[in-house]
Amino acid sequence: MKKRKCERFLIPGTTLYYGKKAGKFFSFRQKYSEDYYPVINISRGGAKFLCNERLRAGIELMVKLNIPGIQETPEIIASVRWISKNPEQSYKYQTGIAFNSYGTGKNENPLSLLAFMKDMEELGAIENQNKKSQIR
């Protein structure tokens, strides 16, 4: 089994919405889902979120993240890796997505997004550390 290269973290209240790739290209007028879906965890390499639509593994998405306290809503090119039934009743499915690589090539996420995700990783680590401190 392939191990993750990036540590998963949680920033409470983070949500996302997504648009499916139509044809070979993402359109500039990407049609996003109307609903925001809760993000269970996230990393520089991908995310796990809840949704009501059974997405197909392998399809490409354009994802927008909404992070509490952060004005920027980055767009991220990703692909669905797996789908499973959600054991809770709030949403039907848990979905895992992998973000496309970062770089300057076609279908790559911009390097500025990688820097943003590193900052969010640090914020998530602080949130997780604060949560652990409150439990003690």
# chains A, B, ... in the order shown; residues from 1 in each chain; ligands from 1

$ residues_around --residues "region 42-48 of chain A" --least-positions-apart "5" --cutoff "6 Å" --atoms "only C-alpha atoms" --output "CSV table (one decimal) with C-alpha atoms, in the first residue's frame"
chain,number,residue,atom,x,y,z
A,6,CYS,CA,1.9,14.7,3.2
A,7,GLU,CA,0.5,14.8,6.8
A,8,ARG,CA,-3.3,15.2,7.0
A,9,PHE,CA,-4.7,17.9,9.2
A,95,THR,CA,-14.9,11.1,-0.9
A,96,GLY,CA,-11.1,11.1,-1.2
A,97,ILE,CA,-9.4,13.4,-3.7
A,98,ALA,CA,-5.8,13.8,-4.8
A,99,PHE,CA,-4.6,17.3,-5.8
A,117,MET,CA,-1.2,24.8,1.5

$ residues_around --residues "Glu34 (chain A)" --least-positions-apart "3" --cutoff "12 Å" --atoms "only C-alpha atoms" --output "list in words"
Leu16, Tyr17, Tyr18, Gly19, Gln30, Lys31, Tyr37, Cys51, Asn52, Glu53 and Lys64 of chain A

$ closest_residue --among "A:Ser33, A:Ile77, A:Ala57, A:Val63" --to "Lys106 (chain A)" --atoms "only C-alpha atoms"
A:Ile77

$ select_by_dssp --residues "chain A" --states "alpha helix (DSSP H)" --output "list in words"
Leu111, Ser112, Leu113, Leu114, Ala115, Phe116, Met117, Lys118, Asp119, Met120, Glu121, Glu122, Leu123, Gly124, Ala125, Ile126, Glu127, Asn128, Gln129, Asn130, Lys131, Lys132, Ser133, Gln134 and Ile135 of chain A

$ closest_residue --among "A:Val39, A:Ala78, A:Leu55, A:Met120" --to "Thr14 (chain A)" --atoms "only C-alpha atoms"
A:Val39

$ atom_distance --atom1 "CA of Lys21 (chain A)" --atom2 "CA of Ile70 (chain A)"
26.0 Å

$ select_by_dssp --residues "chain A" --states "strand (DSSP E or B)" --output "PyMOL selection string"
chain A and resi 9+15-20+22+25+37-42+46-51+60-66+75-85+93-99+102+109

$ atom_distance --atom1 "CA of Ile40 (chain A)" --atom2 "CA of Met62 (chain A)"
18.0 Å

$ atom_distance --atom1 "CA of Pro110 (chain A)" --atom2 "CA of Tyr32 (chain A)"
20.0 Å

$ closest_residue --among "A:Phe116, A:Trp82, A:Tyr102, A:Tyr36" --to "Gly58 (chain A)" --atoms "only C-alpha atoms"
A:Trp82

$ closest_residue --among "A:Leu114, A:Ile67, A:Ile76, A:Ile83" --to "Arg54 (chain A)" --atoms "only C-alpha atoms"
A:Ile83

$ closest_residue --among "A:Leu113, A:Ser79, A:Asp119, A:Gly69" --to "Lys20 (chain A)" --atoms "only C-alpha atoms"
A:Ser79

$ closest_residue --among "A:Leu50, A:Leu123, A:Ile11, A:Ile59" --to "Ser84 (chain A)" --atoms "only C-alpha atoms"
A:Leu50

$ decode --residues "region 26-121 of chain A" --atoms "C-alpha atoms" --output "PDB file, in the first residue's frame"
ATOM      1  CA  PHE A  26     -11.897  23.044 -17.400  1.00  0.00           C
ATOM      2  CA  SER A  27     -13.967  25.970 -18.601  1.00  0.00           C
ATOM      3  CA  PHE A  28     -13.414  29.469 -17.264  1.00  0.00           C
ATOM      4  CA  ARG A  29     -17.080  29.488 -16.301  1.00  0.00           C
ATOM      5  CA  GLN A  30     -16.797  26.326 -14.254  1.00  0.00           C
ATOM      6  CA  LYS A  31     -20.164  25.200 -12.889  1.00  0.00           C
ATOM      7  CA  TYR A  32     -19.634  24.423  -9.229  1.00  0.00           C
ATOM      8  CA  SER A  33     -21.898  22.426  -6.973  1.00  0.00           C
ATOM      9  CA  GLU A  34     -24.402  24.626  -5.208  1.00  0.00           C
ATOM     10  CA  ASP A  35     -23.722  23.069  -1.822  1.00  0.00           C
ATOM     11  CA  TYR A  36     -20.658  23.394   0.354  1.00  0.00           C
ATOM     12  CA  TYR A  37     -19.421  20.116   1.788  1.00  0.00           C
ATOM     13  CA  PRO A  38     -17.523  19.599   5.070  1.00  0.00           C
ATOM     14  CA  VAL A  39     -13.851  18.726   4.787  1.00  0.00           C
ATOM     15  CA  ILE A  40     -12.898  15.904   7.162  1.00  0.00           C
ATOM     16  CA  ASN A  41      -9.168  16.362   6.652  1.00  0.00           C
ATOM     17  CA  ILE A  42      -6.795  17.885   4.147  1.00  0.00           C
ATOM     18  CA  SER A  43      -3.118  17.905   3.196  1.00  0.00           C
ATOM     19  CA  ARG A  44      -0.918  19.385   0.492  1.00  0.00           C
ATOM     20  CA  GLY A  45      -1.667  16.269  -1.526  1.00  0.00           C
ATOM     21  CA  GLY A  46      -5.423  15.856  -1.173  1.00  0.00           C
ATOM     22  CA  ALA A  47      -8.548  15.950   0.943  1.00  0.00           C
ATOM     23  CA  LYS A  48     -11.332  13.821   2.366  1.00  0.00           C
ATOM     24  CA  PHE A  49     -14.796  15.347   2.382  1.00  0.00           C
ATOM     25  CA  LEU A  50     -18.460  14.472   2.774  1.00  0.00           C
ATOM     26  CA  CYS A  51     -20.986  14.808  -0.057  1.00  0.00           C
ATOM     27  CA  ASN A  52     -24.305  13.476  -1.288  1.00  0.00           C
ATOM     28  CA  GLU A  53     -23.266  12.712  -4.862  1.00  0.00           C
ATOM     29  CA  ARG A  54     -21.539   9.447  -5.651  1.00  0.00           C
ATOM     30  CA  LEU A  55     -18.586  10.680  -7.664  1.00  0.00           C
ATOM     31  CA  ARG A  56     -16.736   8.203  -9.862  1.00  0.00           C
ATOM     32  CA  ALA A  57     -13.125   7.355  -9.063  1.00  0.00           C
ATOM     33  CA  GLY A  58     -10.824   8.878 -11.655  1.00  0.00           C
ATOM     34  CA  ILE A  59     -12.911  11.902 -12.627  1.00  0.00           C
ATOM     35  CA  GLU A  60     -11.231  15.275 -12.484  1.00  0.00           C
ATOM     36  CA  LEU A  61     -12.615  18.116 -10.391  1.00  0.00           C
ATOM     37  CA  MET A  62     -11.963  21.780  -9.833  1.00  0.00           C
ATOM     38  CA  VAL A  63     -12.300  22.343  -6.088  1.00  0.00           C
ATOM     39  CA  LYS A  64     -12.752  25.609  -4.191  1.00  0.00           C
ATOM     40  CA  LEU A  65     -11.818  25.640  -0.511  1.00  0.00           C
ATOM     41  CA  ASN A  66     -13.527  27.823   2.092  1.00  0.00           C
ATOM     42  CA  ILE A  67     -11.355  28.117   5.184  1.00  0.00           C
ATOM     43  CA  PRO A  68     -12.674  30.063   8.197  1.00  0.00           C
ATOM     44  CA  GLY A  69     -10.820  33.331   8.705  1.00  0.00           C
ATOM     45  CA  ILE A  70      -9.128  33.145   5.285  1.00  0.00           C
ATOM     46  CA  GLN A  71     -10.457  35.509   2.618  1.00  0.00           C
ATOM     47  CA  GLU A  72      -8.864  33.630  -0.278  1.00  0.00           C
ATOM     48  CA  THR A  73     -10.829  30.701  -1.776  1.00  0.00           C
ATOM     49  CA  PRO A  74      -8.200  28.805  -3.756  1.00  0.00           C
ATOM     50  CA  GLU A  75      -9.154  26.736  -6.790  1.00  0.00           C
ATOM     51  CA  ILE A  76      -7.451  23.357  -6.897  1.00  0.00           C
ATOM     52  CA  ILE A  77      -7.353  20.808  -9.716  1.00  0.00           C
ATOM     53  CA  ALA A  78      -7.929  17.341  -8.267  1.00  0.00           C
ATOM     54  CA  SER A  79      -9.086  13.844  -9.131  1.00  0.00           C
ATOM     55  CA  VAL A  80     -11.342  11.490  -7.208  1.00  0.00           C
ATOM     56  CA  ARG A  81      -9.385   8.543  -5.764  1.00  0.00           C
ATOM     57  CA  TRP A  82     -12.023   6.721  -3.740  1.00  0.00           C
ATOM     58  CA  ILE A  83     -15.606   6.866  -2.515  1.00  0.00           C
ATOM     59  CA  SER A  84     -17.229   5.095   0.426  1.00  0.00           C
ATOM     60  CA  LYS A  85     -20.589   5.172   2.155  1.00  0.00           C
ATOM     61  CA  ASN A  86     -20.637   7.549   5.082  1.00  0.00           C
ATOM     62  CA  PRO A  87     -21.540   5.688   8.307  1.00  0.00           C
ATOM     63  CA  GLU A  88     -23.204   8.854   9.620  1.00  0.00           C
ATOM     64  CA  GLN A  89     -26.564  10.021   8.316  1.00  0.00           C
ATOM     65  CA  SER A  90     -25.622  13.632   7.563  1.00  0.00           C
ATOM     66  CA  TYR A  91     -24.188  12.952   4.081  1.00  0.00           C
ATOM     67  CA  LYS A  92     -24.321   9.846   1.909  1.00  0.00           C
ATOM     68  CA  TYR A  93     -20.631   9.539   0.955  1.00  0.00           C
ATOM     69  CA  GLN A  94     -17.066  10.152   2.045  1.00  0.00           C
ATOM     70  CA  THR A  95     -14.867  11.050  -0.909  1.00  0.00           C
ATOM     71  CA  GLY A  96     -11.077  11.118  -1.173  1.00  0.00           C
ATOM     72  CA  ILE A  97      -9.424  13.362  -3.733  1.00  0.00           C
ATOM     73  CA  ALA A  98      -5.799  13.805  -4.764  1.00  0.00           C
ATOM     74  CA  PHE A  99      -4.645  17.250  -5.805  1.00  0.00           C
ATOM     75  CA  ASN A 100      -2.793  17.449  -9.100  1.00  0.00           C
ATOM     76  CA  SER A 101       0.911  18.154  -8.781  1.00  0.00           C
ATOM     77  CA  TYR A 102       2.179  21.698  -8.326  1.00  0.00           C
ATOM     78  CA  GLY A 103       4.149  23.387 -11.075  1.00  0.00           C
ATOM     79  CA  THR A 104       3.851  25.474 -14.210  1.00  0.00           C
ATOM     80  CA  GLY A 105       2.659  22.810 -16.628  1.00  0.00           C
ATOM     81  CA  LYS A 106      -0.732  22.082 -18.075  1.00  0.00           C
ATOM     82  CA  ASN A 107      -3.221  20.720 -15.497  1.00  0.00           C
ATOM     83  CA  GLU A 108      -0.828  21.465 -12.639  1.00  0.00           C
ATOM     84  CA  ASN A 109      -1.782  23.556  -9.646  1.00  0.00           C
ATOM     85  CA  PRO A 110       0.211  26.811  -9.365  1.00  0.00           C
ATOM     86  CA  LEU A 111       3.255  26.891  -7.110  1.00  0.00           C
ATOM     87  CA  SER A 112       1.644  29.757  -5.170  1.00  0.00           C
ATOM     88  CA  LEU A 113      -1.035  27.265  -4.131  1.00  0.00           C
ATOM     89  CA  LEU A 114       1.642  24.963  -2.700  1.00  0.00           C
ATOM     90  CA  ALA A 115       2.913  27.829  -0.525  1.00  0.00           C
ATOM     91  CA  PHE A 116      -0.671  28.520   0.585  1.00  0.00           C
ATOM     92  CA  MET A 117      -1.210  24.841   1.457  1.00  0.00           C
ATOM     93  CA  LYS A 118       2.018  24.782   3.481  1.00  0.00           C
ATOM     94  CA  ASP A 119       0.712  27.770   5.463  1.00  0.00           C
ATOM     95  CA  MET A 120      -2.601  25.985   6.001  1.00  0.00           C
ATOM     96  CA  GLU A 121      -0.718  22.875   7.134  1.00  0.00           C
TER      97      GLU A 121
END
